[in-house]
file upload_5.pdb (PDB, C-alpha atoms)
ATOM      1  CA  MET A   1       3.044  17.352 -10.161
ATOM      2  CA  SER A   2       3.097  16.455  -6.453
ATOM      3  CA  LEU A   3       0.396  14.264  -4.942
ATOM      4  CA  HIS A   4      -2.088  15.819  -2.542
ATOM      5  CA  SER A   5      -1.930  14.096   0.837
ATOM      6  CA  ILE A   6      -3.315  14.083   4.359
ATOM      7  CA  VAL A   7      -0.876  13.937   7.283
ATOM      8  CA  ILE A   8      -2.090  12.555  10.618
ATOM      9  CA  PRO A   9       0.444  13.425  13.323
ATOM     10  CA  PRO A  10       1.375  11.031  16.132
ATOM     11  CA  LYS A  11      -0.967  10.827  19.101
ATOM     12  CA  SER A  12       2.129  11.128  21.276
ATOM     13  CA  PRO A  13       3.433  14.684  21.867
ATOM     14  CA  GLN A  14       6.915  13.535  20.822
ATOM     15  CA  PRO A  15       8.240  13.850  17.238
ATOM     16  CA  PRO A  16       7.217  10.917  15.008
ATOM     17  CA  GLN A  17       9.339   7.785  15.369
ATOM     18  CA  GLY A  18       8.308   6.617  11.898
ATOM     19  CA  SER A  19       5.767   7.027   9.107
ATOM     20  CA  ILE A  20       3.100   4.800   7.631
ATOM     21  CA  VAL A  21       1.981   5.660   4.111
ATOM     22  CA  VAL A  22      -1.307   4.050   3.048
ATOM     23  CA  LEU A  23      -2.530   4.035  -0.570
ATOM     24  CA  HIS A  24      -6.272   3.889  -1.144
ATOM     25  CA  GLY A  25      -8.017   1.615  -3.628
ATOM     26  CA  TRP A  26      -9.844   2.269  -6.897
ATOM     27  CA  GLY A  27     -12.609   4.814  -6.405
ATOM     28  CA  ALA A  28     -11.701   5.739  -2.823
ATOM     29  CA  ASN A  29      -9.541   8.620  -1.593
ATOM     30  CA  ALA A  30      -7.176   9.608   1.199
ATOM     31  CA  GLN A  31     -10.050  10.723   3.429
ATOM     32  CA  ASP A  32     -11.520   7.200   3.358
ATOM     33  CA  VAL A  33      -8.215   5.766   4.563
ATOM     34  CA  ALA A  34      -7.850   8.352   7.334
ATOM     35  CA  PHE A  35     -10.747   6.828   9.271
ATOM     36  CA  LEU A  36      -9.144   3.360   9.223
ATOM     37  CA  CYS A  37      -5.804   4.731  10.374
ATOM     38  CA  SER A  38      -7.501   6.343  13.350
ATOM     39  CA  LEU A  39      -8.388   2.826  14.570
ATOM     40  CA  LEU A  40      -4.743   1.740  14.825
ATOM     41  CA  GLU A  41      -3.029   2.130  18.202
ATOM     42  CA  LEU A  42       0.394   3.327  17.083
ATOM     43  CA  PRO A  43       0.772   6.583  19.027
ATOM     44  CA  ARG A  44       4.399   7.306  18.111
ATOM     45  CA  LEU A  45       3.907   7.085  14.355
ATOM     46  CA  GLN A  46       2.502   9.513  11.814
ATOM     47  CA  PHE A  47       0.298   8.528   8.878
ATOM     48  CA  VAL A  48       0.667  10.058   5.430
ATOM     49  CA  LEU A  49      -2.195   9.370   3.015
ATOM     50  CA  PRO A  50      -1.859  10.472  -0.617
ATOM     51  CA  ASP A  51      -4.648  10.843  -3.147
ATOM     52  CA  ALA A  52      -4.162   9.097  -6.474
ATOM     53  CA  PRO A  53      -3.672  11.548  -9.346
ATOM     54  CA  PHE A  54      -6.649  10.580 -11.518
ATOM     55  CA  PRO A  55     -10.374  11.181 -10.867
ATOM     56  CA  HIS A  56     -12.480   8.046 -10.709
ATOM     57  CA  PRO A  57     -14.881   7.896 -13.671
ATOM     58  CA  TYR A  58     -17.914   6.672 -11.713
ATOM     59  CA  GLY A  59     -17.903   8.468  -8.377
ATOM     60  CA  ILE A  60     -17.723  12.067  -7.184
ATOM     61  CA  GLY A  61     -14.604  12.602  -5.088
ATOM     62  CA  GLY A  62     -13.179   9.168  -5.864
ATOM     63  CA  LYS A  63      -9.650   8.740  -7.195
ATOM     64  CA  MET A  64      -7.766   6.047  -9.057
ATOM     65  CA  TRP A  65      -4.137   5.198  -9.710
ATOM     66  CA  TYR A  66      -5.069   3.953 -13.197
ATOM     67  CA  ASP A  67      -8.145   2.839 -15.094
ATOM     68  CA  LEU A  68      -9.293  -0.703 -14.362
ATOM     69  CA  SER A  69     -12.288  -0.764 -16.672
ATOM     70  CA  ASP A  70     -10.741  -3.167 -19.185
ATOM     71  CA  ASN A  71      -8.485  -5.090 -16.787
ATOM     72  CA  LEU A  72     -10.779  -6.604 -14.199
ATOM     73  CA  SER A  73      -9.418 -10.144 -14.593
ATOM     74  CA  PHE A  74      -6.148  -9.256 -12.774
ATOM     75  CA  ASP A  75      -4.221 -11.739 -14.932
ATOM     76  CA  SER A  76      -3.055  -9.385 -17.699
ATOM     77  CA  ASP A  77       0.175  -7.384 -17.683
ATOM     78  CA  VAL A  78      -0.639  -3.679 -17.265
ATOM     79  CA  THR A  79       2.858  -2.554 -16.274
ATOM     80  CA  GLN A  80       3.149  -0.284 -19.339
ATOM     81  CA  GLN A  81      -0.370   1.173 -19.222
ATOM     82  CA  PRO A  82       0.079   4.943 -19.735
ATOM     83  CA  ASP A  83      -1.868   6.135 -16.686
ATOM     84  CA  LEU A  84      -0.080   3.566 -14.509
ATOM     85  CA  LEU A  85       3.268   4.852 -15.799
ATOM     86  CA  THR A  86       2.219   8.353 -14.734
ATOM     87  CA  SER A  87       1.100   7.258 -11.264
ATOM     88  CA  ARG A  88       4.223   5.146 -10.785
ATOM     89  CA  ARG A  89       6.462   8.102 -11.582
ATOM     90  CA  GLN A  90       4.518  10.566  -9.426
ATOM     91  CA  LEU A  91       4.259   8.209  -6.448
ATOM     92  CA  THR A  92       7.956   7.293  -6.634
ATOM     93  CA  ASP A  93       9.012  10.952  -6.772
ATOM     94  CA  TRP A  94       6.608  11.840  -3.947
ATOM     95  CA  LEU A  95       7.995   9.076  -1.720
ATOM     96  CA  LYS A  96      11.587  10.067  -2.424
ATOM     97  CA  ASN A  97      10.761  13.641  -1.350
ATOM     98  CA  LEU A  98       8.713  12.623   1.678
ATOM     99  CA  GLU A  99      11.552  13.019   4.183
ATOM    100  CA  SER A 100      11.883  16.690   3.254
ATOM    101  CA  GLN A 101       8.199  17.167   4.165
ATOM    102  CA  THR A 102       7.932  15.008   7.294
ATOM    103  CA  GLY A 103      11.491  14.686   8.606
ATOM    104  CA  VAL A 104      11.208  10.879   8.585
ATOM    105  CA  PRO A 105      13.506   8.906   6.227
ATOM    106  CA  LEU A 106      12.277   6.055   4.016
ATOM    107  CA  SER A 107      14.194   3.645   6.250
ATOM    108  CA  ARG A 108      11.634   4.518   8.955
ATOM    109  CA  THR A 109       8.638   4.460   6.607
ATOM    110  CA  ILE A 110       6.252   1.575   5.921
ATOM    111  CA  LEU A 111       4.288   1.714   2.658
ATOM    112  CA  GLY A 112       0.941  -0.057   2.480
ATOM    113  CA  GLY A 113      -2.144  -0.117   0.332
ATOM    114  CA  PHE A 114      -5.539  -1.705  -0.205
ATOM    115  CA  SER A 115      -6.650  -3.344  -3.471
ATOM    116  CA  GLN A 116      -5.326  -1.138  -6.307
ATOM    117  CA  GLY A 117      -3.303   0.649  -3.637
ATOM    118  CA  GLY A 118      -1.841  -2.726  -2.665
ATOM    119  CA  ALA A 119      -0.815  -3.316  -6.263
ATOM    120  CA  MET A 120       0.834   0.109  -6.326
ATOM    121  CA  THR A 121       2.610  -0.750  -3.067
ATOM    122  CA  ILE A 122       4.256  -3.758  -4.722
ATOM    123  CA  ASP A 123       4.930  -1.899  -7.964
ATOM    124  CA  VAL A 124       6.690   1.074  -6.378
ATOM    125  CA  GLY A 125       7.779  -0.195  -2.966
ATOM    126  CA  LEU A 126      10.003  -3.101  -3.971
ATOM    127  CA  SER A 127      12.671  -0.809  -5.397
ATOM    128  CA  LEU A 128      12.782   1.726  -2.536
ATOM    129  CA  PRO A 129      14.703   1.471   0.785
ATOM    130  CA  LEU A 130      11.524   1.288   2.864
ATOM    131  CA  ALA A 131      11.160  -0.297   6.292
ATOM    132  CA  GLY A 132       8.360  -2.589   5.105
ATOM    133  CA  LEU A 133       5.405  -3.109   2.775
ATOM    134  CA  MET A 134       1.785  -4.007   3.595
ATOM    135  CA  VAL A 135      -0.268  -5.431   0.725
ATOM    136  CA  LEU A 136      -3.949  -5.683   1.632
ATOM    137  CA  SER A 137      -6.179  -7.492  -0.881
ATOM    138  CA  GLY A 138      -3.613  -6.590  -3.545
ATOM    139  CA  TYR A 139      -2.233  -8.121  -6.730
ATOM    140  CA  LEU A 140       0.588  -7.829  -9.255
ATOM    141  CA  HIS A 141       0.533  -5.566 -12.287
ATOM    142  CA  GLY A 142       2.524  -8.185 -14.219
ATOM    143  CA  GLN A 143       6.178  -9.110 -14.302
ATOM    144  CA  VAL A 144       8.276  -8.033 -11.319
ATOM    145  CA  LYS A 145      11.721  -6.564 -11.821
ATOM    146  CA  PRO A 146      14.331  -8.383  -9.684
ATOM    147  CA  GLU A 147      16.043  -6.288  -7.015
ATOM    148  CA  THR A 148      19.127  -6.947  -4.913
ATOM    149  CA  ALA A 149      17.082  -6.663  -1.707
ATOM    150  CA  TYR A 150      13.440  -6.242  -0.703
ATOM    151  CA  PRO A 151      11.683  -4.734   2.305
ATOM    152  CA  PRO A 152       9.840  -7.259   4.506
ATOM    153  CA  ILE A 153       6.279  -7.714   3.253
ATOM    154  CA  LEU A 154       2.937  -8.378   4.931
ATOM    155  CA  MET A 155       0.259  -9.753   2.589
ATOM    156  CA  VAL A 156      -3.331 -10.157   3.800
ATOM    157  CA  HIS A 157      -6.176 -11.434   1.603
ATOM    158  CA  GLY A 158      -9.747 -12.608   2.078
ATOM    159  CA  ARG A 159     -10.648 -16.168   1.114
ATOM    160  CA  GLN A 160     -14.059 -14.930  -0.060
ATOM    161  CA  ASP A 161     -12.788 -11.848  -1.908
ATOM    162  CA  PRO A 162     -15.216 -11.266  -4.838
ATOM    163  CA  VAL A 163     -13.180  -8.400  -6.355
ATOM    164  CA  VAL A 164      -9.521  -9.450  -6.341
ATOM    165  CA  PRO A 165      -9.560 -13.273  -6.457
ATOM    166  CA  LEU A 166      -7.539 -15.232  -3.917
ATOM    167  CA  GLN A 167      -5.536 -16.728  -6.769
ATOM    168  CA  ALA A 168      -4.114 -13.266  -7.489
ATOM    169  CA  ALA A 169      -2.669 -13.188  -3.972
ATOM    170  CA  HIS A 170      -1.193 -16.679  -4.417
ATOM    171  CA  ILE A 171       0.477 -15.608  -7.660
ATOM    172  CA  ALA A 172       1.937 -12.495  -6.047
ATOM    173  CA  LYS A 173       3.198 -14.414  -3.016
ATOM    174  CA  ASP A 174       4.794 -17.166  -5.123
ATOM    175  CA  ARG A 175       6.521 -14.795  -7.554
ATOM    176  CA  LEU A 176       7.875 -12.538  -4.831
ATOM    177  CA  THR A 177       9.042 -15.499  -2.759
ATOM    178  CA  ARG A 178      10.932 -16.924  -5.750
ATOM    179  CA  LEU A 179      12.674 -13.561  -6.114
ATOM    180  CA  GLY A 180      13.859 -13.755  -2.511
ATOM    181  CA  ALA A 181      11.386 -11.507  -0.722
ATOM    182  CA  THR A 182      10.480 -12.262   2.900
ATOM    183  CA  ILE A 183       6.684 -12.423   3.177
ATOM    184  CA  GLN A 184       4.267 -12.848   6.046
ATOM    185  CA  TYR A 185       1.162 -14.170   4.305
ATOM    186  CA  ARG A 186      -2.252 -14.253   5.961
ATOM    187  CA  GLU A 187      -5.562 -15.530   4.559
ATOM    188  CA  LEU A 188      -8.658 -14.500   6.484
ATOM    189  CA  ASP A 189     -12.329 -15.492   6.301
ATOM    190  CA  MET A 190     -13.562 -12.244   4.770
ATOM    191  CA  GLY A 191     -14.331 -10.541   1.477
ATOM    192  CA  HIS A 192     -12.752  -7.470  -0.122
ATOM    193  CA  GLU A 193     -12.347  -5.345   2.977
ATOM    194  CA  ILE A 194     -10.151  -4.069   5.770
ATOM    195  CA  SER A 195     -11.688  -5.840   8.736
ATOM    196  CA  PRO A 196     -10.673  -5.520  12.419
ATOM    197  CA  LEU A 197      -8.578  -8.675  11.915
ATOM    198  CA  VAL A 198      -6.686  -6.949   9.084
ATOM    199  CA  LEU A 199      -6.023  -3.948  11.313
ATOM    200  CA  GLU A 200      -4.695  -6.351  13.938
ATOM    201  CA  GLN A 201      -2.313  -7.925  11.416
ATOM    202  CA  MET A 202      -1.139  -4.467  10.338
ATOM    203  CA  GLN A 203      -0.519  -3.397  13.915
ATOM    204  CA  GLN A 204       1.484  -6.544  14.701
ATOM    205  CA  PHE A 205       3.589  -6.113  11.569
ATOM    206  CA  VAL A 206       4.320  -2.456  12.275
ATOM    207  CA  ARG A 207       5.391  -3.296  15.834
ATOM    208  CA  GLN A 208       7.686  -6.014  14.527
ATOM    209  CA  ILE A 209       9.370  -3.433  12.304
ATOM    210  CA  PHE A 210       9.500  -0.478  14.695
ATOM    211  CA  GLY A 211       9.204  -2.101  18.094
ATOM    212  CA  GLU A 212       6.754  -0.531  20.521
ATOM    213  CA  ALA A 213       5.237   2.174  18.342
TER
END
call {"tool": "encode", "arguments": {"input": "upload_5.pdb", "output": "structure tokens"}}
result
Amino acid sequence: MSLHSIVIPPKSPQPPQGSIVVLHGWGANAQDVAFLCSLLELPRLQFVLPDAPFPHPYGIGGKMWYDLSDNLSFDSDVTQQPDLLTSRRQLTDWLKNLESQTGVPLSRTILGGFSQGGAMTIDVGLSLPLAGLMVLSGYLHGQVKPETAYPPILMVHGRQDPVVPLQAAHIAKDRLTRLGATIQYRELDMGHEISPLVLEQMQQFVRQIFGEA
């Protein structure tokens, strides 16, 4: 089953020079992310925003990549949780077929995500030939499979995050660094959110990857 998604074309009249895929967090949806993307000044790029496959149990219209009800500590290994296995497979297949839908290869695609979407970004993105990864207030699902090479990674986390503790970001950064990943790590004075400062970090990272976008 393919994931439903929203495509926001470039503001420029020219064909897209690259794609940014953004994965929403637990209980949100692609429409929530679309508003944030509209605040980024990247006129030559298109945004592709998929909905997670599962309905959120507590909110109308909300989606989730997998159930978090029993795993709110973020220190347990959920890599083999059945609904996560389903989302991992669907998201991986969807990304591999994205070029056929948008005309932009994975080598010109940055994958990012917030919170649970950030965890999915790490989970799926490390093994794909993407241009870069953006992990916003994210965390690890557990053990990370070593790869021969990794896309460059931006990690941004709030020092006062009450949902995904800062320690989860430190663990992710340390494990990925030991595996050889190149990470730009930023801690900001904020909670569990995508603030204007986060958008600024995203924009800088994207321009480093694509040049003037």
call {"tool": "atom_distance", "arguments": {"input": "upload_5.pdb", "atom1": "CA of Phe35 (chain A)", "atom2": "CA of Leu23 (chain A)"}}
result
13.1 Å
call {"tool": "closest_residue", "arguments": {"input": "upload_5.pdb", "among": "A:Leu128, A:Val163, A:Val198, A:Ala149", "to": "Lys96 (chain A)", "atoms": "all atoms listed in the file"}}
result
A:Leu128
call {"tool": "resolve_selection", "arguments": {"input": "upload_5.pdb", "expression": "the PyMOL selection byres ((chain A and resi 6) around 8)", "output": "VMD selection string"}}
result
chain A and resid 4 to 5 7 to 8 30 to 31 34 48 to 50
call {"tool": "write_last_selection", "arguments": {"input": "upload_5.pdb", "atoms": "C-alpha atoms", "output": "PDB file, in the frame of the given file"}}
result
ATOM      1  CA  HIS A   4      -2.088  15.819  -2.542  1.00  0.00           C
ATOM      2  CA  SER A   5      -1.930  14.096   0.837  1.00  0.00           C
ATOM      3  CA  VAL A   7      -0.876  13.937   7.283  1.00  0.00           C
ATOM      4  CA  ILE A   8      -2.090  12.555  10.618  1.00  0.00           C
ATOM      5  CA  ALA A  30      -7.176   9.608   1.199  1.00  0.00           C
ATOM      6  CA  GLN A  31     -10.050  10.723   3.429  1.00  0.00           C
ATOM      7  CA  ALA A  34      -7.850   8.352   7.334  1.00  0.00           C
ATOM      8  CA  VAL A  48       0.667  10.058   5.430  1.00  0.00           C
ATOM      9  CA  LEU A  49      -2.195   9.370   3.015  1.00  0.00           C
ATOM     10  CA  PRO A  50      -1.859  10.472  -0.617  1.00  0.00           C
TER      11      PRO A  50
END
call {"tool": "residues_around", "arguments": {"input": "upload_5.pdb", "residues": "region 76-92 of chain A", "least_positions_apart": "2", "cutoff": "12 Å", "atoms": "all atoms listed in the file", "output": "PDB file with C-alpha atoms, keeping the file's coordinate frame"}}
result
ATOM      1  CA  MET A   1       3.044  17.352 -10.161  1.00  0.00           C
ATOM      2  CA  SER A   2       3.097  16.455  -6.453  1.00  0.00           C
ATOM      3  CA  LEU A   3       0.396  14.264  -4.942  1.00  0.00           C
ATOM      4  CA  HIS A   4      -2.088  15.819  -2.542  1.00  0.00           C
ATOM      5  CA  SER A   5      -1.930  14.096   0.837  1.00  0.00           C
ATOM      6  CA  VAL A  21       1.981   5.660   4.111  1.00  0.00           C
ATOM      7  CA  VAL A  22      -1.307   4.050   3.048  1.00  0.00           C
ATOM      8  CA  LEU A  23      -2.530   4.035  -0.570  1.00  0.00           C
ATOM      9  CA  LEU A  49      -2.195   9.370   3.015  1.00  0.00           C
ATOM     10  CA  PRO A  50      -1.859  10.472  -0.617  1.00  0.00           C
ATOM     11  CA  ASP A  51      -4.648  10.843  -3.147  1.00  0.00           C
ATOM     12  CA  ALA A  52      -4.162   9.097  -6.474  1.00  0.00           C
ATOM     13  CA  PRO A  53      -3.672  11.548  -9.346  1.00  0.00           C
ATOM     14  CA  PHE A  54      -6.649  10.580 -11.518  1.00  0.00           C
ATOM     15  CA  PRO A  55     -10.374  11.181 -10.867  1.00  0.00           C
ATOM     16  CA  LYS A  63      -9.650   8.740  -7.195  1.00  0.00           C
ATOM     17  CA  MET A  64      -7.766   6.047  -9.057  1.00  0.00           C
ATOM     18  CA  TRP A  65      -4.137   5.198  -9.710  1.00  0.00           C
ATOM     19  CA  TYR A  66      -5.069   3.953 -13.197  1.00  0.00           C
ATOM     20  CA  ASP A  67      -8.145   2.839 -15.094  1.00  0.00           C
ATOM     21  CA  LEU A  68      -9.293  -0.703 -14.362  1.00  0.00           C
ATOM     22  CA  ASP A  70     -10.741  -3.167 -19.185  1.00  0.00           C
ATOM     23  CA  ASN A  71      -8.485  -5.090 -16.787  1.00  0.00           C
ATOM     24  CA  LEU A  72     -10.779  -6.604 -14.199  1.00  0.00           C
ATOM     25  CA  SER A  73      -9.418 -10.144 -14.593  1.00  0.00           C
ATOM     26  CA  PHE A  74      -6.148  -9.256 -12.774  1.00  0.00           C
ATOM     27  CA  TRP A  94       6.608  11.840  -3.947  1.00  0.00           C
ATOM     28  CA  LEU A  95       7.995   9.076  -1.720  1.00  0.00           C
ATOM     29  CA  LYS A  96      11.587  10.067  -2.424  1.00  0.00           C
ATOM     30  CA  ASN A  97      10.761  13.641  -1.350  1.00  0.00           C
ATOM     31  CA  LEU A  98       8.713  12.623   1.678  1.00  0.00           C
ATOM     32  CA  LEU A 106      12.277   6.055   4.016  1.00  0.00           C
ATOM     33  CA  LEU A 111       4.288   1.714   2.658  1.00  0.00           C
ATOM     34  CA  GLN A 116      -5.326  -1.138  -6.307  1.00  0.00           C
ATOM     35  CA  GLY A 117      -3.303   0.649  -3.637  1.00  0.00           C
ATOM     36  CA  ALA A 119      -0.815  -3.316  -6.263  1.00  0.00           C
ATOM     37  CA  MET A 120       0.834   0.109  -6.326  1.00  0.00           C
ATOM     38  CA  THR A 121       2.610  -0.750  -3.067  1.00  0.00           C
ATOM     39  CA  ILE A 122       4.256  -3.758  -4.722  1.00  0.00           C
ATOM     40  CA  ASP A 123       4.930  -1.899  -7.964  1.00  0.00           C
ATOM     41  CA  VAL A 124       6.690   1.074  -6.378  1.00  0.00           C
ATOM     42  CA  GLY A 125       7.779  -0.195  -2.966  1.00  0.00           C
ATOM     43  CA  LEU A 126      10.003  -3.101  -3.971  1.00  0.00           C
ATOM     44  CA  SER A 127      12.671  -0.809  -5.397  1.00  0.00           C
ATOM     45  CA  LEU A 128      12.782   1.726  -2.536  1.00  0.00           C
ATOM     46  CA  PRO A 129      14.703   1.471   0.785  1.00  0.00           C
ATOM     47  CA  LEU A 130      11.524   1.288   2.864  1.00  0.00           C
ATOM     48  CA  TYR A 139      -2.233  -8.121  -6.730  1.00  0.00           C
ATOM     49  CA  LEU A 140       0.588  -7.829  -9.255  1.00  0.00           C
ATOM     50  CA  HIS A 141       0.533  -5.566 -12.287  1.00  0.00           C
ATOM     51  CA  GLY A 142       2.524  -8.185 -14.219  1.00  0.00           C
ATOM     52  CA  GLN A 143       6.178  -9.110 -14.302  1.00  0.00           C
ATOM     53  CA  VAL A 144       8.276  -8.033 -11.319  1.00  0.00           C
ATOM     54  CA  LYS A 145      11.721  -6.564 -11.821  1.00  0.00           C
ATOM     55  CA  ALA A 168      -4.114 -13.266  -7.489  1.00  0.00           C
TER      56      ALA A 168
END
call {"tool": "resolve_selection", "arguments": {"input": "upload_5.pdb", "expression": "the PyMOL selection byres ((chain A and resi 43-45) around 6)", "output": "tab-separated table (two decimals) with C-alpha atoms, in the frame of the given file"}}
result
chain	number	residue	atom	x	y	z
A	10	PRO	CA	1.38	11.03	16.13
A	11	LYS	CA	-0.97	10.83	19.10
A	12	SER	CA	2.13	11.13	21.28
A	16	PRO	CA	7.22	10.92	15.01
A	17	GLN	CA	9.34	7.78	15.37
A	18	GLY	CA	8.31	6.62	11.90
A	19	SER	CA	5.77	7.03	9.11
A	41	GLU	CA	-3.03	2.13	18.20
A	42	LEU	CA	0.39	3.33	17.08
A	46	GLN	CA	2.50	9.51	11.81
A	213	ALA	CA	5.24	2.17	18.34
call {"tool": "atom_distance", "arguments": {"input": "upload_5.pdb", "atom1": "CA of Gln201 (chain A)", "atom2": "CA of Ala172 (chain A)"}}
result
18.5 Å
call {"tool": "atom_distance", "arguments": {"input": "upload_5.pdb", "atom1": "CA of Leu40 (chain A)", "atom2": "CA of Ala169 (chain A)"}}
result
24.1 Å
call {"tool": "resolve_selection", "arguments": {"input": "upload_5.pdb", "expression": "the PyMOL selection byres ((chain A and resi 191-193) around 7)", "output": "number ranges by chain"}}
result
A: 137, 158-163, 190, 194-195
call {"tool": "closest_residue", "arguments": {"input": "upload_5.pdb", "among": "A:Leu166, A:Gln184, A:Leu136, A:Ile171", "to": "Pro151 (chain A)", "atoms": "all atoms listed in the file"}}
result
A:Gln184
call {"tool": "closest_residue", "arguments": {"input": "upload_5.pdb", "among": "A:Gln167, A:Ser69, A:Ser115, A:Thr102", "to": "Ala28 (chain A)", "atoms": "all atoms listed in the file"}}
result
A:Ser115
call {"tool": "closest_residue", "arguments": {"input": "upload_5.pdb", "among": "A:Glu99, A:Asp93, A:Asp75, A:Glu147", "to": "Ala181 (chain A)", "atoms": "only C-alpha atoms"}}
result
A:Glu147
